[in-house]
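Below is the file start_30.txt, which contains compact mmCIF, C-alpha atoms and all ligand atoms.
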# COMPACT_ATOMS: atom_id res chain seq x y z
CA MET A 5 24.35 -8.12 -1.40
CA SER A 6 21.82 -6.19 -3.42
CA ARG A 7 21.51 -2.88 -5.14
CA VAL A 8 18.03 -1.39 -5.06
CA MET A 9 16.44 1.84 -6.27
CA ILE A 10 13.54 3.32 -4.33
CA ILE A 11 11.36 5.87 -6.16
CA GLY A 12 9.31 8.21 -3.95
CA ALA A 13 10.34 10.00 -0.77
CA GLY A 14 6.98 10.55 0.92
CA GLY A 15 5.56 8.85 3.99
CA VAL A 16 6.04 5.33 2.61
CA GLY A 17 9.41 5.97 0.91
CA ASN A 18 10.78 7.13 4.27
CA VAL A 19 9.82 3.82 5.91
CA VAL A 20 11.07 1.62 3.07
CA ALA A 21 14.45 3.38 3.07
CA LYS A 22 14.84 3.06 6.85
CA LYS A 23 13.79 -0.61 6.91
CA CYS A 24 16.33 -1.30 4.12
CA ALA A 25 18.94 0.43 6.30
CA GLN A 26 18.02 -1.87 9.20
CA ASN A 27 18.24 -4.91 6.90
CA ASP A 28 21.72 -4.03 5.64
CA SER A 29 22.90 -7.57 4.96
CA VAL A 30 20.32 -7.75 2.14
CA PHE A 31 20.16 -4.11 1.01
CA THR A 32 23.78 -3.12 0.58
CA GLU A 33 23.34 -0.18 -1.82
CA VAL A 34 20.24 1.97 -2.16
CA LEU A 35 19.50 4.88 -4.47
CA LEU A 36 16.59 6.94 -3.14
CA ALA A 37 15.17 9.02 -5.99
CA SER A 38 12.15 11.28 -6.11
CA ARG A 39 10.80 14.46 -7.68
CA THR A 40 12.12 16.61 -4.83
CA VAL A 41 15.66 15.51 -4.04
CA SER A 42 15.78 17.49 -0.77
CA LYS A 43 13.19 15.07 0.66
CA CYS A 44 15.50 12.14 -0.22
CA ASP A 45 18.45 13.95 1.37
CA ARG A 46 16.49 14.55 4.55
CA ILE A 47 15.56 10.85 4.85
CA VAL A 48 19.18 9.80 4.30
CA ALA A 49 20.35 12.34 6.92
CA GLU A 50 17.86 10.82 9.38
CA ILE A 51 19.13 7.33 8.56
CA ARG A 52 22.70 8.43 9.37
CA GLU A 53 21.44 9.92 12.64
CA HIS A 54 19.13 7.11 13.78
CA PHE A 55 20.86 4.05 12.30
CA PRO A 56 24.58 4.89 12.53
CA GLN A 57 25.52 1.19 12.53
CA SER A 58 23.83 0.49 9.19
CA GLN A 59 26.25 -0.59 6.46
CA THR A 60 23.82 0.25 3.64
CA GLN A 61 25.32 2.80 1.23
CA PHE A 62 22.73 5.43 0.31
CA THR A 63 22.77 7.88 -2.56
CA THR A 64 20.00 10.23 -3.71
CA ALA A 65 18.84 11.69 -7.00
CA ALA A 66 16.08 13.79 -8.51
CA VAL A 67 13.90 12.05 -11.06
CA ASP A 68 10.64 12.72 -12.84
CA ALA A 69 9.02 9.29 -12.77
CA ASP A 70 6.49 10.32 -15.43
CA ASN A 71 9.37 10.47 -17.88
CA VAL A 72 10.54 7.06 -19.15
CA PRO A 73 13.83 8.15 -20.81
CA GLU A 74 14.85 10.09 -17.69
CA LEU A 75 14.00 7.11 -15.48
CA ALA A 76 15.79 4.66 -17.76
CA ALA A 77 18.94 6.82 -17.79
CA LEU A 78 19.00 6.97 -13.98
CA ILE A 79 18.36 3.23 -13.64
CA ARG A 80 21.20 2.53 -16.12
CA SER A 81 23.61 4.80 -14.30
CA PHE A 82 22.98 3.12 -10.93
CA GLY A 83 22.40 -0.45 -12.15
CA PRO A 84 19.95 -1.79 -9.53
CA GLU A 85 18.52 -5.32 -9.52
CA LEU A 86 15.12 -4.07 -8.42
CA VAL A 87 13.09 -0.85 -8.41
CA ILE A 88 10.72 -0.30 -5.48
CA ASN A 89 8.03 2.11 -6.64
CA VAL A 90 6.56 4.09 -3.74
CA ALA A 91 5.79 7.22 -5.75
CA LEU A 92 2.14 7.57 -6.76
CA PRO A 93 -0.10 5.12 -8.66
CA TYR A 94 0.04 7.48 -11.66
CA GLN A 95 3.69 6.52 -12.18
CA ASP A 96 3.27 2.71 -12.19
CA LEU A 97 3.28 2.24 -15.94
CA THR A 98 6.14 4.60 -16.74
CA ILE A 99 8.28 2.91 -14.08
CA MET A 100 7.34 -0.55 -15.41
CA ASP A 101 8.29 0.63 -18.91
CA ALA A 102 11.65 1.87 -17.66
CA CYS A 103 12.26 -1.43 -15.84
CA LEU A 104 11.55 -3.38 -19.03
CA GLU A 105 13.85 -1.10 -21.00
CA THR A 106 16.71 -1.54 -18.55
CA GLY A 107 16.17 -5.18 -17.51
CA VAL A 108 15.32 -4.59 -13.84
CA HIS A 109 12.72 -6.22 -11.54
CA TYR A 110 9.81 -4.11 -10.25
CA LEU A 111 7.69 -3.85 -7.08
CA ASP A 112 4.91 -1.43 -6.10
CA THR A 113 2.26 -0.94 -3.41
CA ALA A 114 -0.72 0.45 -5.31
CA ASN A 115 -2.21 -0.29 -8.70
CA TYR A 116 -2.15 2.06 -11.65
CA GLU A 117 -4.66 4.87 -11.74
CA PRO A 118 -4.98 7.33 -14.61
CA ARG A 119 -4.74 10.90 -13.35
CA ASP A 120 -7.91 12.11 -15.07
CA VAL A 121 -10.27 9.20 -14.22
CA ALA A 122 -10.85 8.12 -10.61
CA LYS A 123 -10.58 4.46 -11.52
CA PHE A 124 -8.07 1.91 -10.38
CA GLU A 125 -7.84 -1.64 -11.62
CA TYR A 126 -5.13 -4.15 -12.47
CA SER A 127 -5.91 -4.50 -16.19
CA TRP A 128 -3.26 -1.97 -17.25
CA GLN A 129 -0.51 -3.68 -15.25
CA TRP A 130 -1.62 -7.25 -15.96
CA ALA A 131 -1.26 -6.32 -19.65
CA TYR A 132 2.55 -6.32 -19.02
CA ARG A 133 2.62 -10.04 -18.12
CA GLU A 134 4.02 -11.36 -21.38
CA ARG A 135 6.60 -8.61 -21.72
CA PHE A 136 7.99 -9.20 -18.22
CA GLU A 137 7.92 -12.96 -18.71
CA GLN A 138 9.76 -12.75 -22.02
CA ALA A 139 12.35 -10.41 -20.53
CA GLY A 140 12.92 -12.83 -17.63
CA LEU A 141 11.85 -10.10 -15.21
CA MET A 142 9.41 -10.07 -12.33
CA ALA A 143 6.91 -7.38 -11.29
CA LEU A 144 5.25 -7.76 -7.90
CA LEU A 145 2.09 -5.68 -7.63
CA GLY A 146 0.49 -4.24 -4.50
CA CYS A 147 3.03 -5.22 -1.87
CA GLY A 148 2.06 -2.80 0.93
CA PHE A 149 -0.38 -3.72 3.69
CA ASP A 150 -3.72 -3.51 1.94
CA PRO A 151 -3.08 -4.57 -0.76
CA GLY A 152 -0.08 -6.65 0.26
CA ALA A 153 -0.19 -8.22 3.71
CA THR A 154 -3.96 -8.72 3.32
CA ASN A 155 -3.31 -10.82 0.19
CA VAL A 156 -0.69 -12.79 2.13
CA PHE A 157 -3.18 -13.34 4.99
CA THR A 158 -5.74 -14.69 2.51
CA ALA A 159 -3.17 -17.07 1.02
CA TYR A 160 -2.25 -18.13 4.57
CA HIS A 161 -5.92 -18.90 5.38
CA ALA A 162 -6.11 -21.01 2.22
CA LYS A 163 -2.80 -22.80 2.80
CA HIS A 164 -3.23 -23.63 6.48
CA HIS A 165 -6.91 -23.60 7.44
CA PHE A 166 -9.44 -23.77 4.64
CA SER A 167 -10.26 -26.25 1.92
CA GLU A 168 -12.77 -23.67 0.67
CA ILE A 169 -12.91 -19.97 1.56
CA ARG A 170 -16.50 -18.80 0.94
CA TYR A 171 -16.67 -15.39 2.62
CA LEU A 172 -13.78 -12.98 2.85
CA ASP A 173 -13.87 -9.73 4.84
CA ILE A 174 -10.81 -7.49 4.88
CA VAL A 175 -10.97 -4.98 7.72
CA ASP A 176 -8.85 -1.87 8.19
CA CYS A 177 -9.15 0.10 11.43
CA ASN A 178 -7.15 3.20 12.23
CA ASN A 179 -7.96 3.91 15.87
CA GLY A 180 -5.30 6.58 16.05
CA SER A 181 -5.55 10.29 16.64
CA HIS A 182 -3.33 12.99 15.11
CA GLY A 183 -5.03 15.97 16.73
CA LYS A 184 -5.77 17.77 13.46
CA ALA A 185 -9.31 18.76 12.45
CA PHE A 186 -9.00 17.06 9.07
CA ALA A 187 -6.10 15.26 7.44
CA THR A 188 -5.52 12.10 5.45
CA ASN A 189 -3.05 9.41 6.46
CA PHE A 190 -1.52 8.90 3.07
CA ASN A 191 -1.42 10.94 -0.10
CA PRO A 192 -4.61 13.07 0.23
CA GLU A 193 -5.40 13.00 -3.47
CA ILE A 194 -5.25 9.20 -3.72
CA ASN A 195 -6.98 8.72 -0.36
CA ILE A 196 -9.93 11.04 -1.10
CA ARG A 197 -10.41 9.62 -4.59
CA GLU A 198 -10.68 6.15 -3.04
CA ILE A 199 -13.24 7.14 -0.38
CA THR A 200 -15.51 9.36 -2.45
CA ALA A 201 -15.85 6.72 -5.18
CA ASN A 202 -18.78 4.28 -5.17
CA GLY A 203 -18.34 1.22 -2.96
CA ARG A 204 -18.15 -2.22 -4.55
CA TYR A 205 -18.00 -5.79 -3.32
CA TRP A 206 -17.99 -9.23 -4.88
CA GLU A 207 -20.99 -11.51 -4.55
CA ASN A 208 -21.92 -14.68 -6.44
CA GLY A 209 -19.67 -14.06 -9.39
CA GLN A 210 -20.30 -10.36 -9.90
CA TRP A 211 -19.55 -6.92 -8.52
CA VAL A 212 -22.26 -5.21 -6.51
CA GLU A 213 -22.02 -1.43 -6.55
CA THR A 214 -23.03 0.76 -3.59
CA ALA A 215 -23.20 4.52 -3.01
CA PRO A 216 -20.06 5.87 -1.24
CA LEU A 217 -20.03 4.72 2.41
CA GLU A 218 -23.56 3.27 2.05
CA ILE A 219 -22.99 0.02 3.98
CA SER A 220 -21.61 0.04 7.52
CA GLN A 221 -21.49 -2.02 10.71
CA ASP A 222 -19.74 -1.91 14.08
CA ILE A 223 -16.75 -4.25 14.02
CA TYR A 224 -14.69 -5.34 17.02
CA TYR A 225 -10.96 -5.03 16.35
CA PRO A 226 -9.18 -7.29 18.91
CA ASN A 227 -7.38 -5.33 21.64
CA VAL A 228 -8.01 -2.04 19.80
CA ALA A 229 -11.66 -0.93 19.72
CA THR A 230 -15.13 -1.47 18.34
CA ARG A 231 -15.48 0.95 15.44
CA LYS A 232 -18.05 1.77 12.81
CA SER A 233 -16.65 0.45 9.53
CA PHE A 234 -17.75 1.12 5.97
CA VAL A 235 -17.67 -1.00 2.82
CA LEU A 236 -15.55 0.52 0.10
CA TYR A 237 -13.90 -0.87 -2.98
CA HIS A 238 -10.27 -1.81 -2.54
CA GLU A 239 -7.95 -3.08 -5.19
CA GLU A 240 -6.93 -6.42 -3.64
CA LEU A 241 -10.51 -7.68 -4.03
CA GLU A 242 -9.98 -7.78 -7.80
CA SER A 243 -7.10 -10.27 -7.76
CA LEU A 244 -8.24 -12.26 -4.70
CA VAL A 245 -11.58 -13.31 -6.20
CA ILE A 246 -9.72 -14.53 -9.29
CA ASN A 247 -6.97 -16.37 -7.42
CA PHE A 248 -9.39 -17.89 -4.87
CA PRO A 249 -12.41 -18.74 -7.05
CA THR A 250 -14.34 -20.47 -4.22
CA ILE A 251 -14.98 -17.04 -2.68
CA GLN A 252 -18.70 -16.29 -2.88
CA ARG A 253 -18.52 -12.87 -1.27
CA ALA A 254 -15.56 -10.57 -0.68
CA ARG A 255 -15.81 -7.19 1.02
CA PHE A 256 -13.41 -4.53 2.28
CA TRP A 257 -14.21 -2.47 5.37
CA MET A 258 -12.53 0.67 6.66
CA THR A 259 -13.17 2.81 9.74
CA PHE A 260 -13.87 6.53 9.47
CA GLY A 261 -14.67 8.86 12.36
CA GLU A 262 -17.79 11.03 12.29
CA GLN A 263 -15.74 14.22 12.14
CA TYR A 264 -13.73 12.94 9.17
CA ILE A 265 -16.88 12.08 7.25
CA LYS A 266 -18.46 15.45 8.10
CA TYR A 267 -15.45 17.40 6.78
CA LEU A 268 -15.20 15.21 3.72
CA SER A 269 -18.86 15.60 2.83
CA VAL A 270 -18.61 19.40 3.13
CA LEU A 271 -15.50 19.46 0.95
CA GLU A 272 -17.21 17.20 -1.56
CA SER A 273 -20.43 19.20 -1.62
CA VAL A 274 -18.57 22.42 -2.41
CA GLY A 275 -16.58 20.73 -5.17
CA MET A 276 -13.17 20.67 -3.47
CA THR A 277 -12.67 16.91 -3.99
CA SER A 278 -13.33 17.07 -7.74
CA ILE A 279 -10.68 15.81 -10.17
CA GLU A 280 -12.22 17.87 -13.01
CA PRO A 281 -9.84 20.78 -13.71
CA ILE A 282 -11.24 24.29 -13.38
CA ASN A 283 -9.74 27.47 -14.78
CA PHE A 284 -8.37 29.57 -11.93
CA ARG A 285 -6.68 32.87 -12.83
CA GLY A 286 -5.75 31.54 -16.24
CA GLU A 287 -4.44 28.19 -15.00
CA GLU A 288 -6.08 24.76 -15.21
CA ILE A 289 -6.20 23.20 -11.78
CA ALA A 290 -8.02 20.17 -10.33
CA PRO A 291 -9.63 21.22 -7.02
CA ILE A 292 -8.42 18.04 -5.31
CA GLU A 293 -4.80 18.90 -6.16
CA PHE A 294 -5.28 22.31 -4.57
CA LEU A 295 -6.89 20.67 -1.53
CA LYS A 296 -3.85 18.40 -1.24
CA ALA A 297 -1.61 21.47 -1.17
CA VAL A 298 -3.46 23.00 1.79
CA LEU A 299 -3.98 19.84 3.87
CA PRO A 300 -1.27 18.69 6.30
CA ALA A 301 1.33 16.44 4.61
CA PRO A 302 0.73 12.86 5.85
CA GLU A 303 4.31 12.61 7.16
CA SER A 304 3.79 15.77 9.27
CA LEU A 305 1.13 13.94 11.32
CA ALA A 306 3.57 11.36 12.62
CA ALA A 307 5.16 13.09 15.60
CA ASP A 308 1.91 13.56 17.55
CA TYR A 309 0.05 10.46 16.45
CA THR A 310 -1.22 8.17 19.21
CA GLY A 311 -3.30 4.97 19.14
CA LYS A 312 -3.19 1.83 17.03
CA THR A 313 -4.17 0.38 13.70
CA CYS A 314 -5.61 -3.11 13.27
CA ILE A 315 -5.76 -4.56 9.79
CA GLY A 316 -6.77 -8.14 9.11
CA VAL A 317 -8.63 -10.68 7.07
CA GLN A 318 -11.59 -12.74 8.26
CA ALA A 319 -12.27 -15.88 6.27
CA ARG A 320 -15.32 -18.10 6.65
CA GLY A 321 -15.93 -21.38 4.89
CA ILE A 322 -15.02 -25.06 5.07
CA GLY A 323 -11.94 -26.03 7.02
CA LYS A 324 -9.35 -28.62 6.04
CA ASP A 325 -11.25 -31.19 8.17
CA GLY A 326 -14.55 -30.55 6.38
CA SER A 327 -16.22 -28.59 9.19
CA GLU A 328 -17.40 -24.97 9.10
CA LEU A 329 -14.75 -22.50 10.17
CA VAL A 330 -14.20 -18.81 10.78
CA ASN A 331 -10.71 -17.41 11.30
CA PHE A 332 -9.15 -13.96 11.58
CA VAL A 333 -5.49 -13.14 10.81
CA TYR A 334 -4.31 -9.65 11.69
CA ASN A 335 -1.64 -7.19 12.79
CA ILE A 336 -1.82 -4.37 15.30
CA CYS A 337 0.56 -1.45 14.83
CA ASP A 338 1.14 1.41 17.27
CA HIS A 339 1.55 4.91 15.82
CA ALA A 340 3.86 6.18 18.56
CA GLU A 341 6.12 3.10 18.40
CA ALA A 342 6.38 3.48 14.62
CA TYR A 343 7.40 7.08 15.13
CA ARG A 344 10.04 6.17 17.70
CA GLU A 345 11.51 3.60 15.33
CA VAL A 346 11.41 5.28 11.91
CA GLN A 347 9.82 8.73 12.44
CA ALA A 348 6.61 7.70 10.66
CA GLN A 349 2.98 7.08 11.56
CA ALA A 350 1.54 3.57 11.45
CA ILE A 351 -0.15 3.92 8.04
CA SER A 352 3.19 4.60 6.34
CA TYR A 353 4.87 1.98 8.55
CA THR A 354 2.39 -0.79 7.73
CA THR A 355 2.87 -0.04 4.01
CA GLY A 356 6.65 0.38 3.97
CA VAL A 357 7.57 -2.73 5.94
CA PRO A 358 5.78 -5.17 3.57
CA ALA A 359 7.36 -3.39 0.59
CA MET A 360 10.81 -4.01 2.08
CA ILE A 361 9.89 -7.64 2.85
CA GLY A 362 8.58 -8.28 -0.68
CA ALA A 363 11.77 -6.81 -2.11
CA MET A 364 13.89 -8.97 0.21
CA LEU A 365 12.06 -12.18 -0.79
CA MET A 366 12.48 -11.32 -4.49
CA LEU A 367 16.18 -10.56 -4.11
CA GLN A 368 16.77 -13.74 -2.11
CA GLY A 369 15.05 -15.75 -4.84
CA GLU A 370 12.31 -17.05 -2.54
CA TRP A 371 9.65 -15.11 -4.40
CA MET A 372 11.12 -14.89 -7.87
CA LYS A 373 9.64 -15.93 -11.20
CA PRO A 374 9.39 -14.00 -14.46
CA GLY A 375 6.03 -12.32 -15.06
CA VAL A 376 3.64 -9.93 -13.34
CA TYR A 377 2.16 -11.21 -10.09
CA ASN A 378 -0.07 -10.29 -7.18
CA VAL A 379 1.21 -11.09 -3.73
CA GLU A 380 -1.18 -13.99 -2.97
CA GLU A 381 0.35 -16.00 -5.82
CA PHE A 382 3.41 -16.78 -3.65
CA ASP A 383 3.97 -18.88 -0.51
CA PRO A 384 2.69 -16.76 2.41
CA ASP A 385 4.86 -18.42 5.06
CA PRO A 386 8.22 -16.67 4.51
CA PHE A 387 6.42 -13.34 4.25
CA ILE A 388 4.58 -13.83 7.56
CA ALA A 389 7.78 -15.03 9.22
CA ALA A 390 9.48 -11.83 8.03
CA MET A 391 6.59 -9.65 9.25
CA ASN A 392 7.16 -11.08 12.74
CA VAL A 393 10.86 -10.22 12.52
CA TRP A 394 10.59 -6.77 10.93
CA GLY A 395 8.04 -5.03 13.12
CA LEU A 396 4.56 -6.22 12.09
CA PRO A 397 3.68 -9.17 14.34
CA VAL A 398 0.88 -11.37 13.02
CA ASP A 399 -1.83 -12.86 15.22
CA GLU A 400 -4.78 -15.19 14.72
CA LEU A 401 -8.20 -15.49 16.30
CA ALA A 402 -10.26 -18.61 15.57
CA GLY A 403 -13.96 -19.29 16.00
CA ILE A 404 -15.22 -15.71 16.52
CA GLU A 405 -17.13 -13.89 13.81
CA LEU A 406 -15.99 -10.27 13.98
CA VAL A 407 -17.67 -9.23 10.73
CA ARG A 408 -21.29 -10.32 10.39
CA ASP A 409 -23.46 -10.84 7.31
P1 LIG V 501 3.32 10.70 -0.59
O1 LIG V 501 2.47 11.65 -1.36
O2 LIG V 501 3.66 10.98 0.82
O3 LIG V 501 4.69 10.42 -1.38
C1 LIG V 501 4.75 10.23 -2.76
C2 LIG V 501 6.16 10.53 -3.20
O4 LIG V 501 6.24 10.29 -4.60
C3 LIG V 501 6.57 11.96 -2.96
O5 LIG V 501 7.90 11.98 -2.48
C4 LIG V 501 6.48 12.59 -4.34
O6 LIG V 501 7.37 13.63 -4.60
C5 LIG V 501 6.88 11.41 -5.20
N1 LIG V 501 6.41 11.62 -6.56
C6 LIG V 501 5.16 11.95 -6.96
N2 LIG V 501 5.14 12.11 -8.29
C7 LIG V 501 6.40 11.89 -8.73
C8 LIG V 501 7.01 11.89 -10.01
N3 LIG V 501 6.33 12.16 -11.12
N4 LIG V 501 8.33 11.62 -10.08
C9 LIG V 501 9.05 11.32 -8.97
N5 LIG V 501 8.51 11.29 -7.75
C10 LIG V 501 7.20 11.57 -7.62
O7 LIG V 501 2.55 9.28 -0.69
P2 LIG V 501 2.73 8.04 0.31
O8 LIG V 501 4.17 7.85 0.64
O9 LIG V 501 1.74 8.14 1.37
O10 LIG V 501 2.27 6.84 -0.66
C11 LIG V 501 3.17 6.27 -1.60
C12 LIG V 501 2.49 5.14 -2.35
O11 LIG V 501 2.05 4.14 -1.43
C13 LIG V 501 1.22 5.57 -3.10
O12 LIG V 501 1.18 4.92 -4.33
C14 LIG V 501 0.10 5.07 -2.23
O13 LIG V 501 -1.09 4.82 -2.96
C15 LIG V 501 0.70 3.78 -1.70
N6 LIG V 501 0.08 3.28 -0.47
C16 LIG V 501 -0.19 1.94 -0.39
C17 LIG V 501 -0.77 1.42 0.75
C18 LIG V 501 -0.95 -0.05 0.87
O14 LIG V 501 -1.21 -0.52 1.98
N7 LIG V 501 -0.80 -0.84 -0.16
C19 LIG V 501 -1.17 2.27 1.87
C20 LIG V 501 -0.72 3.64 1.75
C21 LIG V 501 -0.15 4.12 0.60
P3 LIG V 501 7.17 15.12 -4.01
O15 LIG V 501 7.64 14.97 -2.61
O16 LIG V 501 8.02 15.98 -4.84
O17 LIG V 501 5.69 15.41 -4.10
Structure re-expressed in structure tokens:
Amino acid sequence: MSRVMIIGAGGVGNVVAKKCAQNDSVFTEVLLASRTVSKCDRIVAEIREHFPQSQTQFTTAAVDADNVPELAALIRSFGPELVINVALPYQDLTIMDACLETGVHYLDTANYEPRDVAKFEYSWQWAYRERFEQAGLMALLGCGFDPGATNVFTAYHAKHHFSEIRYLDIVDCNNGSHGKAFATNFNPEINIREITANGRYWENGQWVETAPLEISQDIYYPNVATRKSFVLYHEELESLVINFPTIQRARFWMTFGEQYIKYLSVLESVGMTSIEPINFRGEEIAPIEFLKAVLPAPESLAADYTGKTCIGVQARGIGKDGSELVNFVYNICDHAEAYREVQAQAISYTTGVPAMIGAMLMLQGEWMKPGVYNVEEFDPDPFIAAMNVWGLPVDELAGIELVRD
């Protein structure tokens, strides 16, 4: 019996709303709010069409999530217990401020990023710890798939298999095909900023910086494919190396096809991925924002997407029995099945389902304590049990090293 507000009606917001509709004994009333209210209305119309049995009561509203007073007024008028933020990382702090002002719990799937600097880190959000704690409120950060499920998988390794995790490799393979020459699977601006930034991994107590896409290797993704994968910096590394201090090296790998990299490097070389505003016909505009406007919307890729994703965490170190151990925990998600279920591709699906699960565990009190937390700070078992129920089955593979040194 819970009242929840979802902010953001893009690819991920669509999935979160539909999974809440499926889980109607927990999510009884949902307000879906975003900048463009027609997108919220369309999602709710689809819910009525595809999930006619759902008892969840949906309403929609327009909101500018950059504006704290406007957000606070909407939160007050609806009175939710929890806000699920699946707008953009730029809005994290304003939404956290509004939650503090109105006394409401908070959850997001991506850490704060200032609009004018391509830099994401947890420091801004961790700075809210005391304020949330004192208000008796909880903020759960990065509860999508990566970050999110990958943090849970790491906690699961530590709880069930390892006395000491020494090497951690998070791997993210999208072996799907959408048939477009060039498109990104989630918000193009955020996605391109992430990939064109320098790579970074953790080794022996410090960050090692690499050029963008400098380090690569072929990785076998069980039952999916062997794909060339590249080291890039990903936000969960920051909290995982703090919360699991035995980790000597932590890396994040992602697959990119040759064609994708070719298009991206051309766009980058002509300046189209720049976040520096230029003056165009009297108006200041960041080239990457313009690029976003001309690229296909991520949600428009869903209908024709085929193939699978495989995202997992390989841990290597000393097992509970004192012997050397390597173990891989992962999920495989099928684009076409995700589309059949919630009219979304697998990237949005694998993000939206964990957001719904995190919200459910908070509302049920299983994951609830005042303060600001990353996902690995909670018991991984109920989360993994819920992934198996809600469409993201979890598998394990022991003794095989998929990612090499
Ligand atoms: P989209 O761009 O598809 O959707 C973003 C939504 O937020 C849009 O509906 C947009 O509105 C809305 N929005 C943007 N700015 C505002 C604002 N100021 N006020 C109100 N609403 C606003 O992105 P995705 O759905 O793909 O991604 C959503 C979030 O999920 C992002 O933060 C992304 O980084 C994160 N993510 C996390 C992953 C993980 O595994 N942890 C993986 C993939 C994504 P409008 O429609 O009007 O533009």
Inset, instruction - Report as a ChimeraX atom specification which protein, DNA and RNA residues come within 6 Å of ligand LIG 501 (chain V), using all atoms listed in the file. - result: /A:12-17,38-40,67-70,90-93,113-114,146,148-152,190-191,355
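Between atom CA of A:Leu396 and atom CA of A:Asp338 lies a distance of 9.8 Å.
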Legend entry - Among listed residues A:Ile169, A:Ala306, A:Leu236, A:Ala77, nearest A:Gly323 (using only C-alpha atoms): A:Ile169
If you count only C-alpha atoms, which residues fall within 12 Å of A:Glu74, apart from same-chain ones fewer than 2 positions away, as a PDB file with C-alpha atoms, in the frame of the given file?
ATOM      1  CA  ALA A  37      15.170   9.020  -5.990  1.00  0.00           C
ATOM      2  CA  SER A  38      12.150  11.280  -6.110  1.00  0.00           C
ATOM      3  CA  ARG A  39      10.800  14.460  -7.680  1.00  0.00           C
ATOM      4  CA  ALA A  65      18.840  11.690  -7.000  1.00  0.00           C
ATOM      5  CA  ALA A  66      16.080  13.790  -8.510  1.00  0.00           C
ATOM      6  CA  VAL A  67      13.900  12.050 -11.060  1.00  0.00           C
ATOM      7  CA  ASP A  68      10.640  12.720 -12.840  1.00  0.00           C
ATOM      8  CA  ALA A  69       9.020   9.290 -12.770  1.00  0.00           C
ATOM      9  CA  ASP A  70       6.490  10.320 -15.430  1.00  0.00           C
ATOM     10  CA  ASN A  71       9.370  10.470 -17.880  1.00  0.00           C
ATOM     11  CA  VAL A  72      10.540   7.060 -19.150  1.00  0.00           C
ATOM     12  CA  ALA A  76      15.790   4.660 -17.760  1.00  0.00           C
ATOM     13  CA  ALA A  77      18.940   6.820 -17.790  1.00  0.00           C
ATOM     14  CA  LEU A  78      19.000   6.970 -13.980  1.00  0.00           C
ATOM     15  CA  ILE A  79      18.360   3.230 -13.640  1.00  0.00           C
ATOM     16  CA  ARG A  80      21.200   2.530 -16.120  1.00  0.00           C
ATOM     17  CA  SER A  81      23.610   4.800 -14.300  1.00  0.00           C
ATOM     18  CA  THR A  98       6.140   4.600 -16.740  1.00  0.00           C
ATOM     19  CA  ILE A  99       8.280   2.910 -14.080  1.00  0.00           C
ATOM     20  CA  ASP A 101       8.290   0.630 -18.910  1.00  0.00           C
ATOM     21  CA  ALA A 102      11.650   1.870 -17.660  1.00  0.00           C
ATOM     22  CA  CYS A 103      12.260  -1.430 -15.840  1.00  0.00           C
ATOM     23  CA  GLU A 105      13.850  -1.100 -21.000  1.00  0.00           C
ATOM     24  CA  THR A 106      16.710  -1.540 -18.550  1.00  0.00           C
TER      25      THR A 106
END
Inset, instruction - Find the residue from A:Thr250, A:Phe186, A:Tyr309, A:His238 that sits nearest to A:Leu268; use all atoms listed in the file when measuring. - result: A:Phe186
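When atom CA of A:Met364 is paired with atom CA of A:Asn27, their separation reads 9.0 Å.
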